[in-house]
>>> print(open('coords-v5.cif').read())   # mmCIF, C-alpha atoms and all ligand atoms
data_work
#
loop_
_atom_site.group_PDB
_atom_site.id
_atom_site.type_symbol
_atom_site.label_atom_id
_atom_site.label_comp_id
_atom_site.auth_asym_id
_atom_site.auth_seq_id
_atom_site.Cartn_x
_atom_site.Cartn_y
_atom_site.Cartn_z
ATOM 1 C CA MET B 407 -4.347 19.560 4.184
ATOM 2 C CA THR B 408 -6.319 18.617 1.092
ATOM 3 C CA VAL B 409 -6.815 14.927 1.681
ATOM 4 C CA ALA B 410 -10.526 14.509 2.242
ATOM 5 C CA PRO B 411 -10.998 17.103 4.954
ATOM 6 C CA HIS B 412 -14.669 16.174 5.003
ATOM 7 C CA THR B 413 -14.071 12.497 5.734
ATOM 8 C CA GLY B 414 -11.856 10.480 7.955
ATOM 9 C CA GLN B 415 -14.380 9.197 10.423
ATOM 10 C CA ILE B 416 -13.180 6.077 12.129
ATOM 11 C CA VAL B 417 -15.694 3.289 11.798
ATOM 12 C CA GLU B 418 -15.188 0.592 14.376
ATOM 13 C CA SER B 419 -16.828 -2.770 13.934
ATOM 14 C CA GLY B 420 -18.984 -4.001 16.751
ATOM 15 C CA ASP B 421 -16.837 -7.116 17.063
ATOM 16 C CA ALA B 422 -13.813 -6.325 19.202
ATOM 17 C CA THR B 423 -11.929 -9.458 18.142
ATOM 18 C CA ALA B 424 -12.289 -8.808 14.432
ATOM 19 C CA ALA B 425 -11.688 -5.097 15.135
ATOM 20 C CA ALA B 426 -12.240 -4.143 11.530
ATOM 21 C CA THR B 427 -11.323 -0.515 11.628
ATOM 22 C CA ALA B 428 -11.855 1.491 8.504
ATOM 23 C CA ARG B 429 -11.375 5.034 7.217
ATOM 24 C CA HIS B 430 -12.508 6.635 4.014
ATOM 25 C CA PHE B 431 -10.722 9.251 1.951
ATOM 26 C CA THR B 432 -11.330 11.069 -1.298
ATOM 27 C CA TRP B 433 -8.349 11.971 -3.459
ATOM 28 C CA ARG B 434 -9.549 14.667 -5.848
ATOM 29 C CA SER B 435 -6.293 14.751 -7.785
ATOM 30 C CA GLU B 436 -2.904 13.114 -7.848
ATOM 31 C CA GLU B 437 -1.709 15.871 -5.512
ATOM 32 C CA ASP B 438 -4.075 14.438 -2.886
ATOM 33 C CA THR B 439 -2.646 10.984 -3.552
ATOM 34 C CA GLU B 440 0.829 12.410 -3.059
ATOM 35 C CA ALA B 441 -0.190 14.161 0.174
ATOM 36 C CA PHE B 442 -1.653 10.903 1.460
ATOM 37 C CA ALA B 443 1.580 9.077 0.560
ATOM 38 C CA ARG B 444 3.558 11.609 2.563
ATOM 39 C CA GLN B 445 1.343 11.070 5.599
ATOM 40 C CA LEU B 446 1.661 7.317 5.240
ATOM 41 C CA ALA B 447 5.438 7.647 4.933
ATOM 42 C CA ALA B 448 5.493 9.465 8.274
ATOM 43 C CA GLN B 449 3.927 6.568 10.169
ATOM 44 C CA PRO B 450 6.494 5.133 12.604
ATOM 45 C CA LEU B 451 5.265 1.547 12.231
ATOM 46 C CA LEU B 452 5.588 1.528 8.450
ATOM 47 C CA ALA B 453 9.090 0.029 8.398
ATOM 48 C CA ASN B 454 7.825 -3.485 9.082
ATOM 49 C CA ALA B 455 4.329 -3.201 7.686
ATOM 50 C CA PHE B 456 2.522 -5.129 4.997
ATOM 51 C CA LEU B 457 0.182 -3.004 2.872
ATOM 52 C CA THR B 458 -2.141 -4.456 0.263
ATOM 53 C CA LEU B 459 -3.423 -2.329 -2.617
ATOM 54 C CA HIS B 460 -6.756 -3.245 -4.146
ATOM 55 C CA GLY B 461 -8.524 -1.816 -7.174
ATOM 56 C CA ASP B 462 -9.069 -2.260 -10.888
ATOM 57 C CA LEU B 463 -6.452 -1.809 -13.587
ATOM 58 C CA GLY B 464 -5.543 1.868 -13.618
ATOM 59 C CA ALA B 465 -7.069 2.588 -10.206
ATOM 60 C CA GLY B 466 -3.840 4.165 -8.974
ATOM 61 C CA LYS B 467 -2.060 1.453 -6.976
ATOM 62 C CA THR B 468 1.342 1.895 -8.615
ATOM 63 C CA THR B 469 0.929 5.663 -8.559
ATOM 64 C CA LEU B 470 0.441 5.572 -4.788
ATOM 65 C CA VAL B 471 3.469 3.308 -4.341
ATOM 66 C CA ARG B 472 5.620 5.663 -6.431
ATOM 67 C CA HIS B 473 4.588 8.662 -4.330
ATOM 68 C CA LEU B 474 5.202 6.629 -1.176
ATOM 69 C CA LEU B 475 8.690 5.657 -2.370
ATOM 70 C CA ARG B 476 9.486 9.295 -3.213
ATOM 71 C CA ALA B 477 8.223 10.359 0.216
ATOM 72 C CA LEU B 478 10.548 7.752 1.733
ATOM 73 C CA GLY B 479 13.529 9.262 -0.048
ATOM 74 C CA VAL B 480 13.870 7.020 -3.115
ATOM 75 C CA GLN B 481 15.494 9.058 -5.866
ATOM 76 C CA GLY B 482 16.021 8.526 -9.572
ATOM 77 C CA ARG B 483 13.943 6.307 -11.795
ATOM 78 C CA ILE B 484 11.507 4.073 -9.913
ATOM 79 C CA LYS B 485 11.164 0.716 -11.623
ATOM 80 C CA SER B 486 7.901 -1.171 -11.202
ATOM 81 C CA PRO B 487 7.662 -4.916 -10.760
ATOM 82 C CA THR B 488 6.541 -6.634 -13.937
ATOM 83 C CA TYR B 489 7.669 -10.141 -14.706
ATOM 84 C CA ALA B 490 9.877 -10.176 -11.635
ATOM 85 C CA VAL B 491 6.785 -9.873 -9.369
ATOM 86 C CA VAL B 492 8.822 -7.960 -6.807
ATOM 87 C CA GLU B 493 11.030 -4.894 -7.011
ATOM 88 C CA PRO B 494 13.145 -3.924 -3.992
ATOM 89 C CA HIS B 495 13.905 -0.265 -3.243
ATOM 90 C CA GLU B 496 16.350 1.189 -0.764
ATOM 91 C CA ALA B 497 14.389 3.896 1.017
ATOM 92 C CA PRO B 498 16.507 5.949 3.448
ATOM 93 C CA GLY B 499 13.399 7.548 4.908
ATOM 94 C CA LEU B 500 12.166 4.217 6.214
ATOM 95 C CA SER B 501 14.959 3.853 8.783
ATOM 96 C CA PRO B 502 15.896 3.215 11.560
ATOM 97 C CA HIS B 503 14.069 -0.130 11.679
ATOM 98 C CA ALA B 504 14.606 -1.148 8.063
ATOM 99 C CA THR B 505 15.367 0.575 4.789
ATOM 100 C CA THR B 506 14.023 -1.801 2.168
ATOM 101 C CA VAL B 507 10.641 -1.441 0.513
ATOM 102 C CA TRP B 508 9.515 -4.579 -1.311
ATOM 103 C CA HIS B 509 7.032 -3.626 -4.038
ATOM 104 C CA PHE B 510 5.129 -6.718 -5.163
ATOM 105 C CA ASP B 511 2.783 -6.949 -8.127
ATOM 106 C CA PHE B 512 1.129 -10.359 -8.035
ATOM 107 C CA TYR B 513 -0.867 -9.781 -11.245
ATOM 108 C CA ARG B 514 1.116 -12.452 -13.081
ATOM 109 C CA PHE B 515 1.771 -14.649 -10.063
ATOM 110 C CA ASP B 516 0.265 -18.069 -10.725
ATOM 111 C CA ASP B 517 2.727 -20.650 -9.409
ATOM 112 C CA PRO B 518 2.633 -21.080 -5.625
ATOM 113 C CA ARG B 519 6.033 -22.821 -5.779
ATOM 114 C CA GLU B 520 7.488 -19.437 -6.638
ATOM 115 C CA TRP B 521 6.605 -18.300 -3.113
ATOM 116 C CA GLU B 522 9.417 -20.477 -1.746
ATOM 117 C CA ASP B 523 11.677 -20.578 -4.785
ATOM 118 C CA ALA B 524 11.849 -16.832 -5.332
ATOM 119 C CA GLY B 525 12.381 -16.210 -1.626
ATOM 120 C CA PHE B 526 9.102 -14.423 -0.978
ATOM 121 C CA ARG B 527 8.614 -16.320 2.263
ATOM 122 C CA ASP B 528 11.971 -15.002 3.478
ATOM 123 C CA ILE B 529 11.093 -11.457 2.482
ATOM 124 C CA PHE B 530 7.939 -11.600 4.601
ATOM 125 C CA ALA B 531 9.877 -13.133 7.505
ATOM 126 C CA ASN B 532 12.325 -10.231 7.576
ATOM 127 C CA PRO B 533 12.093 -6.525 8.410
ATOM 128 C CA GLY B 534 11.130 -4.078 5.703
ATOM 129 C CA LEU B 535 8.000 -2.559 4.233
ATOM 130 C CA LYS B 536 6.069 -4.887 1.928
ATOM 131 C CA VAL B 537 3.542 -3.380 -0.461
ATOM 132 C CA ALA B 538 1.499 -5.603 -2.757
ATOM 133 C CA GLU B 539 -0.631 -4.905 -5.821
ATOM 134 C CA TRP B 540 -3.083 -7.667 -6.761
ATOM 135 C CA PRO B 541 -2.637 -9.440 -3.391
ATOM 136 C CA GLU B 542 -5.721 -11.539 -4.207
ATOM 137 C CA LYS B 543 -3.520 -13.624 -6.509
ATOM 138 C CA ALA B 544 -1.326 -14.724 -3.603
ATOM 139 C CA ALA B 545 -3.914 -14.562 -0.843
ATOM 140 C CA ALA B 546 -3.282 -18.092 0.415
ATOM 141 C CA LEU B 547 0.403 -17.347 0.957
ATOM 142 C CA THR B 548 0.673 -13.825 2.296
ATOM 143 C CA PRO B 549 0.200 -12.886 5.949
ATOM 144 C CA PRO B 550 -2.771 -10.680 6.841
ATOM 145 C CA ALA B 551 -2.252 -7.122 5.704
ATOM 146 C CA ASP B 552 -1.675 -4.513 8.371
ATOM 147 C CA LEU B 553 -3.508 -2.084 6.121
ATOM 148 C CA ALA B 554 -5.590 -2.902 3.069
ATOM 149 C CA ILE B 555 -5.989 0.107 0.782
ATOM 150 C CA HIS B 556 -8.898 -0.050 -1.658
ATOM 151 C CA ILE B 557 -8.802 2.491 -4.490
ATOM 152 C CA GLU B 558 -11.713 3.162 -6.805
ATOM 153 C CA ALA B 559 -11.471 5.473 -9.805
ATOM 154 C CA ILE B 560 -14.402 7.888 -9.961
ATOM 155 C CA ASP B 561 -13.168 9.853 -12.990
ATOM 156 C CA ASP B 562 -9.841 10.861 -14.544
ATOM 157 C CA SER B 563 -8.466 12.311 -11.344
ATOM 158 C CA GLU B 564 -10.793 11.502 -8.431
ATOM 159 C CA ARG B 565 -10.348 8.366 -6.360
ATOM 160 C CA LYS B 566 -12.461 6.973 -3.524
ATOM 161 C CA VAL B 567 -10.275 5.213 -1.022
ATOM 162 C CA THR B 568 -11.109 2.895 1.862
ATOM 163 C CA LEU B 569 -8.516 1.678 4.333
ATOM 164 C CA HIS B 570 -9.050 -1.383 6.486
ATOM 165 C CA ALA B 571 -6.728 -2.211 9.372
ATOM 166 C CA HIS B 572 -6.340 -5.897 10.150
ATOM 167 C CA THR B 573 -3.674 -5.785 12.878
ATOM 168 C CA HIS B 574 -2.730 -3.668 15.889
ATOM 169 C CA ALA B 575 0.019 -2.012 13.857
ATOM 170 C CA GLY B 576 -2.470 -1.322 11.085
ATOM 171 C CA ARG B 577 -4.911 0.290 13.497
ATOM 172 C CA ALA B 578 -2.155 2.469 14.924
ATOM 173 C CA MET B 579 -1.162 3.605 11.439
ATOM 174 C CA LEU B 580 -4.764 4.201 10.445
ATOM 175 C CA GLN B 581 -5.328 6.409 13.431
ATOM 176 C CA GLY B 582 -2.134 8.343 12.701
ATOM 177 C CA LEU B 583 -3.256 9.301 9.210
HETATM 178 N N1 LIG P 1 -5.824 10.845 -7.778
HETATM 179 C C1 LIG P 1 -5.111 9.923 -8.452
HETATM 180 N N2 LIG P 1 -4.448 8.958 -7.783
HETATM 181 C C2 LIG P 1 -3.750 8.029 -8.452
HETATM 182 N N3 LIG P 1 -3.623 7.973 -9.793
HETATM 183 C C3 LIG P 1 -4.267 8.925 -10.505
HETATM 184 C C4 LIG P 1 -5.027 9.915 -9.870
HETATM 185 N N4 LIG P 1 -5.543 10.717 -10.818
HETATM 186 C C5 LIG P 1 -5.119 10.242 -11.989
HETATM 187 N N5 LIG P 1 -4.346 9.162 -11.821
HETATM 188 C C6 LIG P 1 -3.742 8.410 -12.926
HETATM 189 O O1 LIG P 1 -4.343 7.118 -12.968
HETATM 190 C C7 LIG P 1 -3.373 6.180 -13.438
HETATM 191 C C8 LIG P 1 -3.240 5.062 -12.438
HETATM 192 O O2 LIG P 1 -2.377 4.099 -12.983
HETATM 193 P P1 LIG P 1 -1.618 3.041 -12.071
HETATM 194 O O3 LIG P 1 -0.592 2.396 -12.931
HETATM 195 O O4 LIG P 1 -1.173 3.684 -10.817
HETATM 196 O O5 LIG P 1 -2.792 2.017 -11.760
HETATM 197 P P2 LIG P 1 -2.709 0.592 -11.068
HETATM 198 O O6 LIG P 1 -3.835 0.551 -10.091
HETATM 199 O O7 LIG P 1 -1.349 0.341 -10.558
HETATM 200 O O8 LIG P 1 -3.053 -0.382 -12.274
HETATM 201 P P3 LIG P 1 -2.552 -1.895 -12.544
HETATM 202 O O9 LIG P 1 -3.578 -2.800 -11.898
HETATM 203 O O10 LIG P 1 -2.603 -1.988 -14.039
HETATM 204 O O11 LIG P 1 -1.199 -2.083 -11.985
HETATM 205 C C9 LIG P 1 -2.079 6.939 -13.656
HETATM 206 O O12 LIG P 1 -1.986 7.299 -15.010
HETATM 207 C C10 LIG P 1 -2.256 8.166 -12.771
HETATM 208 O O13 LIG P 1 -1.527 9.291 -13.238
HETATM 209 MG MG MG P 2 0.062 -1.141 -10.964
#
>>> encode(input="coords-v5.cif", output="structure tokens", more="lines below")
Ligand SMILES: Nc1ncnc2c1ncn2[C@@H]1O[C@H](COP(=O)(O)OP(=O)(O)OP(=O)(O)O)[C@@H](O)[C@H]1O
Ligand SMILES: [Mg+2]
Amino acid sequence: MTVAPHTGQIVESGDATAAATARHFTWRSEEDTEAFARQLAAQPLLANAFLTLHGDLGAGKTTLVRHLLRALGVQGRIKSPTYAVVEPHEAPGLSPHATTVWHFDFYRFDDPREWEDAGFRDIFANPGLKVAEWPEKAAALTPPADLAIHIEAIDDSERKVTLHAHTHAGRAMLQGL
């Protein structure tokens, strides 16, 4: 297991109601990112989770999502959301609870009316894994993330990663990683 063997301490906040639980990882290469994606894919509560991905341009958000989709059994070319904001993927490995992964990229999202018009509200009201890049751009509309994944590029291949759980499901997933 190469994903940050030296880290992984669980840091509980002192405030039980806020229960901000966090874990830190270091991905030294994209292989570590892939290994992390496989562990995330194995979490039983993932099928209805909402994950937010934070980090600068090129941090590795899409790369993580692609490895996650592969780990969930998505084959062939994986299209990323661009102007469409969301790209659905049928992921057999996500079953039995749901098989759709909704990959959002809110980078170009600037019209809150689109939340209703494009059916995003319905997507969030239904089963399926929702993963969002640039969630800050739709922060007033999205529910709280189960897990917020912050990725920081250290150099060409190393990434510092912090996960924050904001729900019970998120805490369960965090502790399973
Ligand atoms: N350990 C790593 N984890 C993730 N990506 C890595 C890693 N090492 C190198 N990379 C490279 O960093 C780049 C990350 O690009 P990616 O498109 O995933 O970023 P992004 O965070 O989605 O950016 P954007 O905000 O523009 O969507 C890719 O070229 C990827 O191959
Ligand atoms: Mg991206």
>>> resolve_selection(input="coords-v5.cif", expression="the PyMOL selection byres (((chain B and resi 487) around 12) and not hetatm)", output="ChimeraX atom specification")
/B:468,471-472,484-486,488-495,508-515,537-540
>>> closest_atom_pairs(input="coords-v5.cif", of="chain B", to="ligand LIG 1 (chain P)", cutoff="8 Å", atoms="all atoms listed in the file", output="tab-separated table")
residue	atom	partner	partner_atom	distance
B:Trp433	CA	P:LIG1	N1	5.1
B:Arg434	CA	P:LIG1	N1	5.7
B:Ser435	CA	P:LIG1	N1	3.9
B:Glu436	CA	P:LIG1	N1	3.7
B:Glu437	CA	P:LIG1	N1	6.9
B:Asp438	CA	P:LIG1	N1	6.3
B:Thr439	CA	P:LIG1	N2	5.0
B:Glu440	CA	P:LIG1	N2	7.9
B:His460	CA	P:LIG1	O6	7.6
B:Gly461	CA	P:LIG1	O6	6.0
B:Asp462	CA	P:LIG1	O9	5.6
B:Leu463	CA	P:LIG1	O9	3.5
B:Gly464	CA	P:LIG1	O5	3.3
B:Ala465	CA	P:LIG1	O6	3.8
B:Gly466	CA	P:LIG1	O4	3.3
B:Lys467	CA	P:LIG1	O6	3.7
B:Thr468	CA	P:LIG1	O7	3.7
B:Thr469	CA	P:LIG1	O4	3.7
B:Leu470	CA	P:LIG1	C2	6.1
B:Val471	CA	P:LIG1	O4	8.0
B:Asp511	CA	P:LIG1	O11	7.4
B:Tyr513	CA	P:LIG1	O9	7.5
B:Glu539	CA	P:LIG1	O11	6.8
B:Trp540	CA	P:LIG1	O9	7.1
B:Ile557	CA	P:LIG1	O6	7.7
B:Ala559	CA	P:LIG1	C4	7.8
B:Asp561	CA	P:LIG1	N4	8.0
B:Asp562	CA	P:LIG1	C5	5.4
B:Ser563	CA	P:LIG1	N4	3.4
B:Glu564	CA	P:LIG1	N1	5.1
B:Arg565	CA	P:LIG1	N1	5.4
>>> closest_residue(input="coords-v5.cif", among="B:Arg483, B:Leu457, B:Ile560, B:Pro518", to="Lys543 (chain B)", atoms="only C-alpha atoms")
B:Pro518
>>> closest_residue(input="coords-v5.cif", among="B:Pro550, B:Gly534, B:Gln581, B:Leu459", to="ligand MG 2 (chain P)", atoms="only C-alpha atoms and all ligand atoms")
B:Leu459
>>> resolve_selection(input="coords-v5.cif", expression="the PyMOL selection byres (((chain B and resi 572) around 8) and not hetatm)", output="MDAnalysis selection string")
chainID B and resid 424:427 550:554 570:571 573:574 576:577
>>> write_last_selection(input="coords-v5.cif", atoms="C-alpha atoms", output="tab-separated table (two decimals), keeping the file's coordinate frame")
chain	number	residue	atom	x	y	z
B	424	ALA	CA	-12.29	-8.81	14.43
B	425	ALA	CA	-11.69	-5.10	15.14
B	426	ALA	CA	-12.24	-4.14	11.53
B	427	THR	CA	-11.32	-0.52	11.63
B	550	PRO	CA	-2.77	-10.68	6.84
B	551	ALA	CA	-2.25	-7.12	5.70
B	552	ASP	CA	-1.68	-4.51	8.37
B	553	LEU	CA	-3.51	-2.08	6.12
B	554	ALA	CA	-5.59	-2.90	3.07
B	570	HIS	CA	-9.05	-1.38	6.49
B	571	ALA	CA	-6.73	-2.21	9.37
B	573	THR	CA	-3.67	-5.78	12.88
B	574	HIS	CA	-2.73	-3.67	15.89
B	576	GLY	CA	-2.47	-1.32	11.08
B	577	ARG	CA	-4.91	0.29	13.50
>>> atom_distance(input="coords-v5.cif", atom1="CA of Val567 (chain B)", atom2="CA of Thr506 (chain B)")
25.5 Å
>>> resolve_selection(input="coords-v5.cif", expression="the PyMOL selection byres (((chain B and resi 500-504) around 7) and not hetatm)", output="VMD selection string")
chain B and resid 453 478 497 to 499 505 to 506 533 to 534
>>> write_last_selection(input="coords-v5.cif", atoms="C-alpha atoms", output="compact mmCIF listing (two decimals), keeping the file's coordinate frame")
# COMPACT_ATOMS: atom_id res chain seq x y z
CA ALA B 453 9.09 0.03 8.40
CA LEU B 478 10.55 7.75 1.73
CA ALA B 497 14.39 3.90 1.02
CA PRO B 498 16.51 5.95 3.45
CA GLY B 499 13.40 7.55 4.91
CA THR B 505 15.37 0.57 4.79
CA THR B 506 14.02 -1.80 2.17
CA PRO B 533 12.09 -6.52 8.41
CA GLY B 534 11.13 -4.08 5.70
>>> closest_residue(input="coords-v5.cif", among="B:Pro549, B:Thr458, B:Asn532, B:Gly479", to="ligand MG 2 (chain P)", atoms="only C-alpha atoms and all ligand atoms")
B:Thr458
>>> atom_distance(input="coords-v5.cif", atom1="CA of Arg444 (chain B)", atom2="CA of Ile529 (chain B)")
24.3 Å
>>> atom_distance(input="coords-v5.cif", atom1="CA of Glu496 (chain B)", atom2="CA of Leu474 (chain B)")
12.4 Å
>>> residues_around(input="coords-v5.cif", residues="Gln445 (chain B)", least_positions_apart="2", cutoff="12 Å", atoms="only C-alpha atoms", output="list in words")
Met407, Thr408, Val409, Asp438, Thr439, Glu440, Ala441, Phe442, Ala443, Ala447, Ala448, Gln449, Pro450, Leu452, Leu470, His473, Leu474, Ala477, Leu478, Met579, Leu580, Gln581, Gly582 and Leu583 of chain B
>>> closest_residue(input="coords-v5.cif", among="B:Leu569, B:Phe530, B:Pro541, B:Leu451", to="ligand MG 2 (chain P)", atoms="all atoms listed in the file")
B:Pro541
>>> build_atoms(input="coords-v5.cif", residues="region 558-577 of chain B", atoms="N, CA and C atoms", output="mmCIF file, in the frame of the given file")
data_model
loop_
_atom_site.group_PDB
_atom_site.id
_atom_site.type_symbol
_atom_site.label_atom_id
_atom_site.label_comp_id
_atom_site.auth_asym_id
_atom_site.auth_seq_id
_atom_site.Cartn_x
_atom_site.Cartn_y
_atom_site.Cartn_z
ATOM 1 N N GLU B 558 -10.723 3.235 -5.740
ATOM 2 C CA GLU B 558 -11.713 3.162 -6.805
ATOM 3 C C GLU B 558 -11.667 4.453 -7.624
ATOM 4 N N ALA B 559 -11.503 4.286 -8.939
ATOM 5 C CA ALA B 559 -11.471 5.473 -9.805
ATOM 6 C C ALA B 559 -12.886 5.980 -10.016
ATOM 7 N N ILE B 560 -13.095 7.259 -9.741
ATOM 8 C CA ILE B 560 -14.402 7.888 -9.961
ATOM 9 C C ILE B 560 -14.419 8.567 -11.328
ATOM 10 N N ASP B 561 -13.335 9.280 -11.648
ATOM 11 C CA ASP B 561 -13.168 9.853 -12.990
ATOM 12 C C ASP B 561 -11.668 9.941 -13.253
ATOM 13 N N ASP B 562 -11.262 10.790 -14.181
ATOM 14 C CA ASP B 562 -9.841 10.861 -14.544
ATOM 15 C C ASP B 562 -8.932 11.117 -13.355
ATOM 16 N N SER B 563 -9.379 11.925 -12.417
ATOM 17 C CA SER B 563 -8.466 12.311 -11.344
ATOM 18 C C SER B 563 -8.967 11.990 -9.935
ATOM 19 N N GLU B 564 -10.261 11.734 -9.780
ATOM 20 C CA GLU B 564 -10.793 11.502 -8.431
ATOM 21 C C GLU B 564 -10.789 10.019 -8.075
ATOM 22 N N ARG B 565 -10.390 9.746 -6.850
ATOM 23 C CA ARG B 565 -10.348 8.366 -6.360
ATOM 24 C C ARG B 565 -11.048 8.283 -5.009
ATOM 25 N N LYS B 566 -11.892 7.263 -4.842
ATOM 26 C CA LYS B 566 -12.461 6.973 -3.524
ATOM 27 C C LYS B 566 -11.609 5.888 -2.902
ATOM 28 N N VAL B 567 -11.242 6.105 -1.652
ATOM 29 C CA VAL B 567 -10.275 5.213 -1.022
ATOM 30 C C VAL B 567 -10.805 4.749 0.331
ATOM 31 N N THR B 568 -10.726 3.455 0.571
ATOM 32 C CA THR B 568 -11.109 2.895 1.862
ATOM 33 C C THR B 568 -9.930 2.114 2.417
ATOM 34 N N LEU B 569 -9.602 2.389 3.665
ATOM 35 C CA LEU B 569 -8.516 1.678 4.333
ATOM 36 C C LEU B 569 -9.102 0.782 5.416
ATOM 37 N N HIS B 570 -8.658 -0.452 5.426
ATOM 38 C CA HIS B 570 -9.050 -1.383 6.486
ATOM 39 C C HIS B 570 -7.796 -1.817 7.232
ATOM 40 N N ALA B 571 -7.837 -1.723 8.551
ATOM 41 C CA ALA B 571 -6.728 -2.211 9.372
ATOM 42 C C ALA B 571 -7.063 -3.608 9.863
ATOM 43 N N HIS B 572 -6.106 -4.511 9.735
ATOM 44 C CA HIS B 572 -6.340 -5.897 10.150
ATOM 45 C C HIS B 572 -5.452 -6.334 11.304
ATOM 46 N N THR B 573 -4.569 -5.454 11.769
ATOM 47 C CA THR B 573 -3.674 -5.785 12.878
ATOM 48 C C THR B 573 -3.591 -4.570 13.813
ATOM 49 N N HIS B 574 -2.949 -4.785 14.958
ATOM 50 C CA HIS B 574 -2.730 -3.668 15.889
ATOM 51 C C HIS B 574 -1.902 -2.574 15.221
ATOM 52 N N ALA B 575 -0.837 -2.997 14.531
ATOM 53 C CA ALA B 575 0.019 -2.012 13.857
ATOM 54 C C ALA B 575 -0.793 -1.246 12.815
ATOM 55 N N GLY B 576 -1.639 -1.964 12.105
ATOM 56 C CA GLY B 576 -2.470 -1.322 11.085
ATOM 57 C C GLY B 576 -3.412 -0.301 11.697
ATOM 58 N N ARG B 577 -3.987 -0.645 12.840
ATOM 59 C CA ARG B 577 -4.911 0.290 13.497
ATOM 60 C C ARG B 577 -4.165 1.533 13.973
#
